[in-house]
Amino acid sequence: MRSRRPLAVLLAAVTAGAALVGCSSGTDESRCANNGGIVECAPDQRSAAPKIAGDLLTGGGYDTSQARGQVVVLNFWGSWCAPCRAEADDLEATYQATKASGVTFLGINVQDSRDKAIAFEEGRVTYPSLFDPASRLALALDIPPNTIPATVVLDRQGRIATVIRAAVTTDGLRPIVERIAAEEPASTGSR
């Protein structure tokens with residue numbers, strides 16, 4: 001058992017550091033602010049998000065590139081996740097409060113069955129969710145499926161602005177989303 005302890009410490013350090021990968025790459029990682037599990041990157045330190053697309057829980061497809069020009073809030077959740085249940089009302093309240101300012105929300109359901117995921121969403125949220133039982137989208141954003149809920153905010157250029165590795169509240173999420181929505185569009189596009 002003693003030999004597993006260093007491995008567990010190393011894995012915890014790698015997981016904590018993975019949050020920074022979404023905001024930047026290479027030597028830019030240290031330039032992002034990490035405040036208690038919330039990693040925020042200045043506009044000039046953001047990297048483009050990977051392709052986020054797939055099948056919606058309710059049928060049809062969705063690709064976040066369709067929302068270019070809008071702030072996109074991605075929330076990773078599962079019907080089996082108690083903190084996900086606790087944050088659902090706060091996510092919906094933030095969505096309703098910010099959607100008129102060019103903000104869209106997209107849930108991403110991981111490690112779940114479609115029926116359980118649809119039942120979970122009923123009466124909780126009005127924005128759509130992608131069905132990603134294999135957690136490919138979470139892993140593409142360096143979100144290990146066992147660390148949900150997690151919320152990622154993309155700016156209007158599709159770059160990763162904020163990564164939150166905890167359940168959110170309206171009081172915590174709304175100011176972040178409003179600040180990113182108020183940013184001036186980049187004149188040179190995403191890098």
# chains A, B, ... in the order shown; residues from 1 in each chain; ligands from 1
$ select_by_dssp --residues "stretch 42-101 of chain A" --states "alpha helix (DSSP H)" --output "list in words"
Ala82, Pro83, Cys84, Arg85, Ala86, Glu87, Ala88, Asp89, Asp90, Leu91, Glu92, Ala93, Thr94, Tyr95, Gln96, Ala97 and Thr98 of chain A
$ select_by_dssp --residues "stretch 110-154 of chain A" --states "strand (DSSP E or B)" --output "PyMOL selection string"
chain A and resi 110+129-132+150-154
$ write_last_selection --atoms "all heavy atoms" --output "mmCIF file, in the first residue's frame"
data_model
loop_
_atom_site.group_PDB
_atom_site.id
_atom_site.type_symbol
_atom_site.label_atom_id
_atom_site.label_comp_id
_atom_site.auth_asym_id
_atom_site.auth_seq_id
_atom_site.Cartn_x
_atom_site.Cartn_y
_atom_site.Cartn_z
ATOM 1 N N VAL A 110 -22.408 12.970 -19.276
ATOM 2 C CA VAL A 110 -21.360 11.954 -19.382
ATOM 3 C C VAL A 110 -21.707 10.724 -18.555
ATOM 4 O O VAL A 110 -22.430 10.806 -17.568
ATOM 5 C CB VAL A 110 -19.983 12.513 -18.950
ATOM 6 C CG1 VAL A 110 -19.557 13.671 -19.827
ATOM 7 C CG2 VAL A 110 -19.987 12.926 -17.491
ATOM 8 N N SER A 129 -28.668 19.648 -24.114
ATOM 9 C CA SER A 129 -27.500 18.885 -23.653
ATOM 10 C C SER A 129 -27.081 17.877 -24.705
ATOM 11 O O SER A 129 -27.926 17.225 -25.328
ATOM 12 C CB SER A 129 -27.802 18.127 -22.359
ATOM 13 O OG SER A 129 -27.810 18.965 -21.247
ATOM 14 N N LEU A 130 -25.776 17.752 -24.875
ATOM 15 C CA LEU A 130 -25.224 16.695 -25.702
ATOM 16 C C LEU A 130 -25.161 15.413 -24.882
ATOM 17 O O LEU A 130 -24.973 15.453 -23.671
ATOM 18 C CB LEU A 130 -23.813 17.054 -26.177
ATOM 19 C CG LEU A 130 -23.689 18.227 -27.140
ATOM 20 C CD1 LEU A 130 -22.220 18.497 -27.449
ATOM 21 C CD2 LEU A 130 -24.459 17.974 -28.420
ATOM 22 N N PHE A 131 -25.309 14.286 -25.561
ATOM 23 C CA PHE A 131 -25.219 12.977 -24.926
ATOM 24 C C PHE A 131 -23.840 12.413 -25.245
ATOM 25 O O PHE A 131 -23.523 12.142 -26.401
ATOM 26 C CB PHE A 131 -26.330 12.071 -25.462
ATOM 27 C CG PHE A 131 -26.368 10.718 -24.831
ATOM 28 C CD1 PHE A 131 -26.470 10.566 -23.458
ATOM 29 C CD2 PHE A 131 -26.328 9.574 -25.622
ATOM 30 C CE1 PHE A 131 -26.512 9.305 -22.868
ATOM 31 C CE2 PHE A 131 -26.386 8.312 -25.048
ATOM 32 C CZ PHE A 131 -26.475 8.181 -23.671
ATOM 33 N N ASP A 132 -22.995 12.274 -24.228
ATOM 34 C CA ASP A 132 -21.619 11.836 -24.406
ATOM 35 C C ASP A 132 -21.274 10.746 -23.390
ATOM 36 O O ASP A 132 -20.473 10.959 -22.478
ATOM 37 C CB ASP A 132 -20.677 13.045 -24.250
ATOM 38 C CG ASP A 132 -19.229 12.716 -24.543
ATOM 39 O OD1 ASP A 132 -18.963 11.784 -25.333
ATOM 40 O OD2 ASP A 132 -18.356 13.393 -23.961
ATOM 41 N N ALA A 150 -18.352 20.030 -13.802
ATOM 42 C CA ALA A 150 -17.349 20.989 -14.241
ATOM 43 C C ALA A 150 -18.020 21.905 -15.247
ATOM 44 O O ALA A 150 -18.913 21.480 -15.995
ATOM 45 C CB ALA A 150 -16.156 20.283 -14.861
ATOM 46 N N THR A 151 -17.606 23.159 -15.254
ATOM 47 C CA THR A 151 -18.174 24.144 -16.167
ATOM 48 C C THR A 151 -17.041 24.852 -16.888
ATOM 49 O O THR A 151 -16.061 25.251 -16.258
ATOM 50 C CB THR A 151 -19.048 25.154 -15.401
ATOM 51 O OG1 THR A 151 -20.086 24.434 -14.718
ATOM 52 C CG2 THR A 151 -19.681 26.165 -16.336
ATOM 53 N N VAL A 152 -17.163 24.977 -18.198
ATOM 54 C CA VAL A 152 -16.168 25.647 -19.028
ATOM 55 C C VAL A 152 -16.882 26.772 -19.763
ATOM 56 O O VAL A 152 -17.939 26.559 -20.357
ATOM 57 C CB VAL A 152 -15.532 24.663 -20.036
ATOM 58 C CG1 VAL A 152 -14.545 25.367 -20.958
ATOM 59 C CG2 VAL A 152 -14.866 23.501 -19.308
ATOM 60 N N VAL A 153 -16.301 27.971 -19.718
ATOM 61 C CA VAL A 153 -16.886 29.119 -20.403
ATOM 62 C C VAL A 153 -16.006 29.465 -21.600
ATOM 63 O O VAL A 153 -14.810 29.723 -21.434
ATOM 64 C CB VAL A 153 -17.037 30.339 -19.469
ATOM 65 C CG1 VAL A 153 -17.727 31.487 -20.202
ATOM 66 C CG2 VAL A 153 -17.805 29.963 -18.204
ATOM 67 N N LEU A 154 -16.608 29.446 -22.785
ATOM 68 C CA LEU A 154 -15.913 29.819 -24.017
ATOM 69 C C LEU A 154 -16.263 31.264 -24.353
ATOM 70 O O LEU A 154 -17.432 31.655 -24.261
ATOM 71 C CB LEU A 154 -16.339 28.917 -25.175
ATOM 72 C CG LEU A 154 -16.232 27.402 -24.962
ATOM 73 C CD1 LEU A 154 -16.694 26.671 -26.224
ATOM 74 C CD2 LEU A 154 -14.829 27.004 -24.575
#
$ closest_residue --among "A:Asp63, A:Arg159, A:Pro175, A:Pro43" --to "A:Arg31" --atoms "only C-alpha atoms"
A:Pro43
$ residues_around --residues "A:Leu56" --least-positions-apart "2" --cutoff "7 Å" --atoms "only C-alpha atoms" --output "PyMOL selection string"
chain A and resi 54+58-62+128-131
$ atom_distance --atom1 "atom CA of A:Ala86" --atom2 "atom CA of A:Arg46"
29.5 Å
$ atom_distance --atom1 "atom CA of A:Asp112" --atom2 "atom CA of A:Thr98"
28.3 Å
$ residues_around --residues "A:Tyr127" --least-positions-apart "4" --cutoff "9 Å" --atoms "only C-alpha atoms" --output "number ranges by chain"
A: 92, 95, 104-107
$ residues_around --residues "A:Ser79" --least-positions-apart "6" --cutoff "9 Å" --atoms "only C-alpha atoms" --output "PyMOL selection string"
chain A and resi 85+109-113+116-121
$ residues_around --residues "A:Arg156" --least-positions-apart "6" --cutoff "12 Å" --atoms "only C-alpha atoms" --output "VMD selection string"
chain A and resid 43 46 48 to 49 64 to 73 101 to 104 177 179 to 187 189 to 190
$ closest_residue --among "A:Gly172, A:Pro50, A:Gly78, A:Gly36" --to "A:Thr147" --atoms "only C-alpha atoms"
A:Gly78
$ closest_residue --among "A:Ala42, A:Pro144, A:Val125, A:Ala138" --to "A:Glu87" --atoms "only C-alpha atoms"
A:Val125
$ atom_distance --atom1 "atom CA of A:Leu141" --atom2 "atom CA of A:Leu173"
19.0 Å
$ residues_around --residues "stretch 163-169 of chain A" --least-positions-apart "2" --cutoff "10 Å" --atoms "only C-alpha atoms" --output "VMD selection string"
chain A and resid 16 19 to 23 34 to 41 73 to 77 82 to 91 93 to 94 141 143 147 to 154 160 to 161 171 to 174
$ closest_residue --among "A:Ile176, A:Ala33, A:Cys81, A:Gly123" --to "A:Asn146" --atoms "only C-alpha atoms"
A:Cys81
